Each structure stands twice: as C-alpha cells, then as structure tokens.
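Structure file structure36.cif; described as mmCIF, C-alpha atoms.
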```cif
data_my_file
loop_
_atom_site.group_PDB
_atom_site.id
_atom_site.type_symbol
_atom_site.label_atom_id
_atom_site.label_comp_id
_atom_site.auth_asym_id
_atom_site.auth_seq_id
_atom_site.Cartn_x
_atom_site.Cartn_y
_atom_site.Cartn_z
ATOM 1 C CA MET A 796 83.640 -13.193 -19.171
ATOM 2 C CA ASP A 797 82.014 -15.591 -16.735
ATOM 3 C CA ILE A 798 82.413 -13.041 -13.965
ATOM 4 C CA ILE A 799 80.650 -10.332 -15.992
ATOM 5 C CA ALA A 800 77.832 -12.737 -16.841
ATOM 6 C CA ASP A 801 77.447 -13.666 -13.153
ATOM 7 C CA ILE A 802 77.425 -9.983 -12.136
ATOM 8 C CA LEU A 803 74.793 -9.167 -14.763
ATOM 9 C CA LEU A 804 72.759 -12.194 -13.698
ATOM 10 C CA ALA A 805 72.938 -11.139 -10.011
ATOM 11 C CA ALA A 806 72.002 -7.542 -10.942
ATOM 12 C CA GLY A 807 69.020 -8.809 -12.942
ATOM 13 C CA ALA A 808 67.940 -11.018 -10.042
ATOM 14 C CA LEU A 809 68.221 -8.085 -7.606
ATOM 15 C CA GLY A 810 66.261 -5.859 -10.026
ATOM 16 C CA ALA A 811 63.538 -8.503 -10.390
ATOM 17 C CA GLY A 812 63.422 -8.930 -6.577
ATOM 18 C CA PHE A 813 63.124 -5.161 -6.077
ATOM 19 C CA TYR A 814 60.397 -5.008 -8.732
ATOM 20 C CA CYS A 815 58.496 -7.854 -6.985
ATOM 21 C CA LEU A 816 58.800 -6.005 -3.641
ATOM 22 C CA VAL A 817 57.339 -2.811 -5.155
ATOM 23 C CA LEU A 818 54.521 -4.795 -6.784
ATOM 24 C CA SER A 819 53.661 -6.618 -3.553
ATOM 25 C CA ARG A 820 53.405 -3.300 -1.664
ATOM 26 C CA ARG A 821 51.159 -1.854 -4.351
ATOM 27 C CA LEU A 822 49.010 -4.979 -4.314
ATOM 28 C CA LYS A 823 48.645 -4.780 -0.512
ATOM 29 C CA ARG A 824 47.512 -1.151 -0.771
ATOM 30 C CA PHE A 825 45.204 -2.066 -3.625
ATOM 31 C CA ASN A 826 43.498 -4.843 -1.631
ATOM 32 C CA ASP A 827 43.466 -2.943 1.685
ATOM 33 C CA LEU A 828 39.986 -3.313 3.232
ATOM 34 C CA GLU A 829 39.875 0.258 4.531
ATOM 35 C CA LYS A 830 41.267 2.435 1.739
ATOM 36 C CA GLY A 831 41.771 0.343 -1.364
ATOM 37 C CA VAL A 832 39.574 -1.345 -3.920
ATOM 38 C CA GLY A 833 38.890 -4.187 -1.488
ATOM 39 C CA GLY A 834 37.265 -1.696 0.864
ATOM 40 C CA ALA A 835 35.207 -0.262 -1.962
ATOM 41 C CA VAL A 836 34.067 -3.753 -2.940
ATOM 42 C CA ALA A 837 33.170 -4.555 0.677
ATOM 43 C CA VAL A 838 31.186 -1.314 1.023
ATOM 44 C CA LEU A 839 29.376 -1.889 -2.255
ATOM 45 C CA SER A 840 28.556 -5.457 -1.241
ATOM 46 C CA SER A 841 27.003 -4.305 2.042
ATOM 47 C CA GLN A 842 25.048 -1.595 0.199
ATOM 48 C CA VAL A 843 23.693 -4.182 -2.241
ATOM 49 C CA ASP A 844 22.532 -6.320 0.702
ATOM 50 C CA ASP A 845 20.812 -3.305 2.313
ATOM 51 C CA LEU A 846 19.121 -2.401 -0.968
ATOM 52 C CA ASN A 847 17.882 -5.969 -1.406
ATOM 53 C CA LYS A 848 16.365 -5.904 2.086
ATOM 54 C CA SER A 849 14.675 -2.551 1.505
ATOM 55 C CA LEU A 850 13.396 -3.740 -1.885
ATOM 56 C CA LYS A 851 11.810 -6.818 -0.308
ATOM 57 C CA SER A 852 10.149 -4.754 2.408
ATOM 58 C CA ALA A 853 8.885 -2.249 -0.189
ATOM 59 C CA GLN A 854 7.433 -5.119 -2.234
ATOM 60 C CA GLN A 855 5.647 -6.497 0.823
ATOM 61 C CA VAL A 856 4.209 -3.069 1.653
ATOM 62 C CA SER A 857 3.068 -2.490 -1.924
ATOM 63 C CA ASP A 858 1.451 -5.948 -2.049
ATOM 64 C CA GLY A 859 -0.451 -5.200 1.160
ATOM 65 C CA SER A 860 -1.486 -1.792 -0.118
ATOM 66 C CA SER A 861 -2.695 -3.187 -3.418
ATOM 67 C CA LYS A 862 -4.767 -5.846 -1.644
ATOM 68 C CA ALA A 863 -6.317 -3.235 0.637
ATOM 69 C CA LEU A 864 -7.015 -1.007 -2.348
ATOM 70 C CA GLN A 865 -8.683 -3.875 -4.211
ATOM 71 C CA GLN A 866 -10.908 -4.592 -1.214
ATOM 72 C CA LEU A 867 -11.860 -0.942 -0.854
ATOM 73 C CA THR A 868 -12.562 -0.678 -4.575
ATOM 74 C CA GLY A 869 -14.829 -3.721 -4.435
ATOM 75 C CA ARG A 870 -16.718 -2.299 -1.480
ATOM 76 C CA ALA A 871 -17.036 1.065 -3.214
ATOM 77 C CA GLU A 872 -18.425 -0.587 -6.334
ATOM 78 C CA SER A 873 -21.027 -2.503 -4.327
ATOM 79 C CA VAL A 874 -22.058 0.658 -2.475
ATOM 80 C CA ALA A 875 -22.251 2.524 -5.786
ATOM 81 C CA GLN A 876 -24.556 -0.169 -7.180
ATOM 82 C CA ARG A 877 -26.815 0.062 -4.139
ATOM 83 C CA LEU A 878 -26.879 3.852 -4.423
ATOM 84 C CA GLU A 879 -27.826 3.590 -8.081
ATOM 85 C CA LEU A 880 -30.673 1.250 -7.164
ATOM 86 C CA MET A 881 -31.820 3.650 -4.467
ATOM 87 C CA MET A 882 -31.719 6.585 -6.846
ATOM 88 C CA ALA A 883 -33.687 4.599 -9.397
ATOM 89 C CA SER A 884 -36.277 3.665 -6.773
ATOM 90 C CA MET A 885 -36.651 7.323 -5.749
ATOM 91 C CA HIS A 886 -38.648 7.906 -8.938
ATOM 92 C CA ASP A 887 -41.338 5.531 -7.652
ATOM 93 C CA ILE A 888 -41.920 7.475 -4.404
ATOM 94 C CA PRO A 889 -44.844 9.923 -4.630
ATOM 95 C CA GLU A 890 -44.112 13.542 -3.886
ATOM 96 C CA ALA A 891 -44.901 14.750 -0.362
ATOM 97 C CA ARG A 892 -48.101 16.738 0.206
ATOM 98 C CA PRO A 893 -47.811 20.310 1.413
ATOM 99 C CA ALA A 894 -48.108 20.612 5.171
ATOM 100 C CA ALA A 895 -51.538 21.380 6.641
ATOM 101 C CA PRO A 896 -52.044 24.705 8.436
ATOM 102 C CA ALA A 897 -50.912 24.774 12.042
ATOM 103 C CA ALA A 898 -54.355 25.861 13.239
ATOM 104 C CA GLU A 899 -55.777 22.329 12.969
ATOM 105 C CA PRO A 900 -53.348 20.017 14.850
ATOM 106 C CA ALA A 901 -56.087 17.648 16.026
ATOM 107 C CA ALA A 902 -57.287 16.953 12.488
ATOM 108 C CA GLU A 903 -53.723 16.376 11.347
ATOM 109 C CA ASP A 904 -53.102 13.913 14.181
ATOM 110 C CA GLU A 905 -56.271 12.016 13.281
ATOM 111 C CA GLU A 906 -55.197 11.812 9.634
ATOM 112 C CA MET A 907 -51.753 10.524 10.617
ATOM 113 C CA ALA A 908 -53.261 7.919 12.940
ATOM 114 C CA ALA A 909 -55.652 6.750 10.229
ATOM 115 C CA ALA A 910 -52.820 6.580 7.695
ATOM 116 C CA TYR A 911 -50.663 4.618 10.138
ATOM 117 C CA GLU A 912 -53.432 2.113 10.799
ATOM 118 C CA ALA A 913 -54.097 1.749 7.085
ATOM 119 C CA GLU A 914 -50.413 1.067 6.410
ATOM 120 C CA SER A 915 -50.038 -1.454 9.226
ATOM 121 C CA GLN A 916 -53.066 -3.534 8.209
ATOM 122 C CA PRO A 917 -51.998 -4.598 4.664
ATOM 123 C CA ALA A 918 -49.801 -7.628 4.094
ATOM 124 C CA GLU A 919 -46.821 -8.173 6.361
ATOM 125 C CA GLU A 920 -44.724 -9.153 3.342
ATOM 126 C CA SER A 921 -44.453 -5.583 2.126
ATOM 127 C CA GLN A 922 -43.049 -4.540 5.495
ATOM 128 C CA GLU A 923 -40.385 -7.252 5.369
ATOM 129 C CA GLU A 924 -39.284 -6.150 1.905
ATOM 130 C CA ALA A 925 -38.971 -2.531 2.978
ATOM 131 C CA LYS A 926 -36.524 -3.256 5.799
ATOM 132 C CA PRO A 927 -32.942 -2.121 5.078
ATOM 133 C CA SER A 928 -30.432 -4.891 4.664
ATOM 134 C CA GLY A 929 -27.843 -3.353 6.970
ATOM 135 C CA LEU A 930 -25.550 -0.409 7.284
ATOM 136 C CA MET A 931 -25.126 1.532 4.101
ATOM 137 C CA PHE A 932 -22.175 3.708 5.064
ATOM 138 C CA VAL A 933 -19.410 2.947 7.487
ATOM 139 C CA ARG A 934 -16.719 5.450 8.340
ATOM 140 C CA HIS A 935 -13.294 3.869 8.457
ATOM 141 C CA ASN A 936 -10.293 5.098 10.389
ATOM 142 C CA ARG A 937 -7.597 5.629 7.759
ATOM 143 C CA SER A 938 -4.734 5.106 10.181
ATOM 144 C CA GLN A 939 -5.838 1.472 10.694
ATOM 145 C CA ASN A 940 -5.732 0.728 6.947
ATOM 146 C CA ARG A 941 -2.104 1.716 6.513
ATOM 147 C CA VAL A 942 0.483 -1.020 6.474
ATOM 148 C CA ALA A 943 3.617 -0.331 8.478
#
```
As structure tokens:
Amino acid sequence: MDIIADILLAAGALGAGFYCLVLSRRLKRFNDLEKGVGGAVAVLSSQVDDLNKSLKSAQQVSDGSSKALQQLTGRAESVAQRLELMMASMHDIPEARPAAPAAEPAAEDEEMAAAYEAESQPAEESQEEAKPSGLMFVRHNRSQNRVA
C-alpha cells in the first residue's frame, strides 16, 4: 500500500509540476511586451502621455487666443463708442451749401479766403478741441495675431 501511495504522490507532484509549467508559459505570453497585455498597457500608457502633452498645448493656445480676443473686443468696443459719438456729433454740423456756378471762380475764391480768415481769427481753443486724438482705424495683419 505504501508503494501505491508513493506512486500516486509522485504522479500528483508531476501533474502539479506540468500544470505550473503550462501556467508559467501562459503568463509569459500574457505579459509579453510586444504581443500580450503588457504591450497593450505600455502602448496605452504612451498614448496617455501624448494626449496629456497635446491637451496642455491646446490649453495654452486657447488661453492665448482668448486673451487676444478679449483685447480685440475691448478695442472694438472703444472704437464703437467713438463712432457713436461721431455719429451723434454729425447732427450738429450744418448742411453744405450748393456749389456756386463755375462761371464765377474769382468770386468763389474770394469767399473761401474770407471764410478762412474769419475761421482762423476766433479763439485758438476751438481749434485745439477740433484736432483728432489719433488714428481711428488701424488695419491689422491677421497672420500676426495667430498663436502657433
């Protein structure tokens, strides 16, 4: 009986050893960095890193674009306010007189000279107020405003 028990014990040990060998081979294939799950995990990890980098760069670009857009919006609002003031002041300007006939250019020149002298003689303060405060419209090159 002892011999049969030893044979069965040896057979069980050999079976367990064979089973461990099969499991170790499967585990090696499972963790293989090229074909198995380990490779898939490595690829996914590198993709996550790439996505994080692209997300950060996209956030930086969007922050720059939003700042530029805020600046442009502020400038547009200030220009719109100045245009509204100009349009409102247009109501105060008298309408232009019809042009004199072309047959009397000398009389027209005399009238213009007299009007010019009359305008230049009043107070200098009115001339200082009438001066424009700077450029009203500036054309911008759109390619310079883009953030790379």
Atom pair atom CA of A:Ala853 / atom CA of A:Thr868: separation (Å):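 Rounded to one decimal, the two atoms are 21.9 Å apart.
With atom CA of A:Ala883 on one side and atom CA of A:Leu867 on the other, the separation reads 24.1 Å.
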Neighbours of point (36.8, -8.6, 2.9) within 9 Å, using all atoms listed in the file, written as a ChimeraX atom specification: /A:826-828,833-834,836-837
Between atom CA of A:Ser849 and atom CA of A:Gln866 - distance in Å to one decimal: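 Separation of atom CA of A:Gln866 and atom CA of A:Ser849: 25.8 Å.
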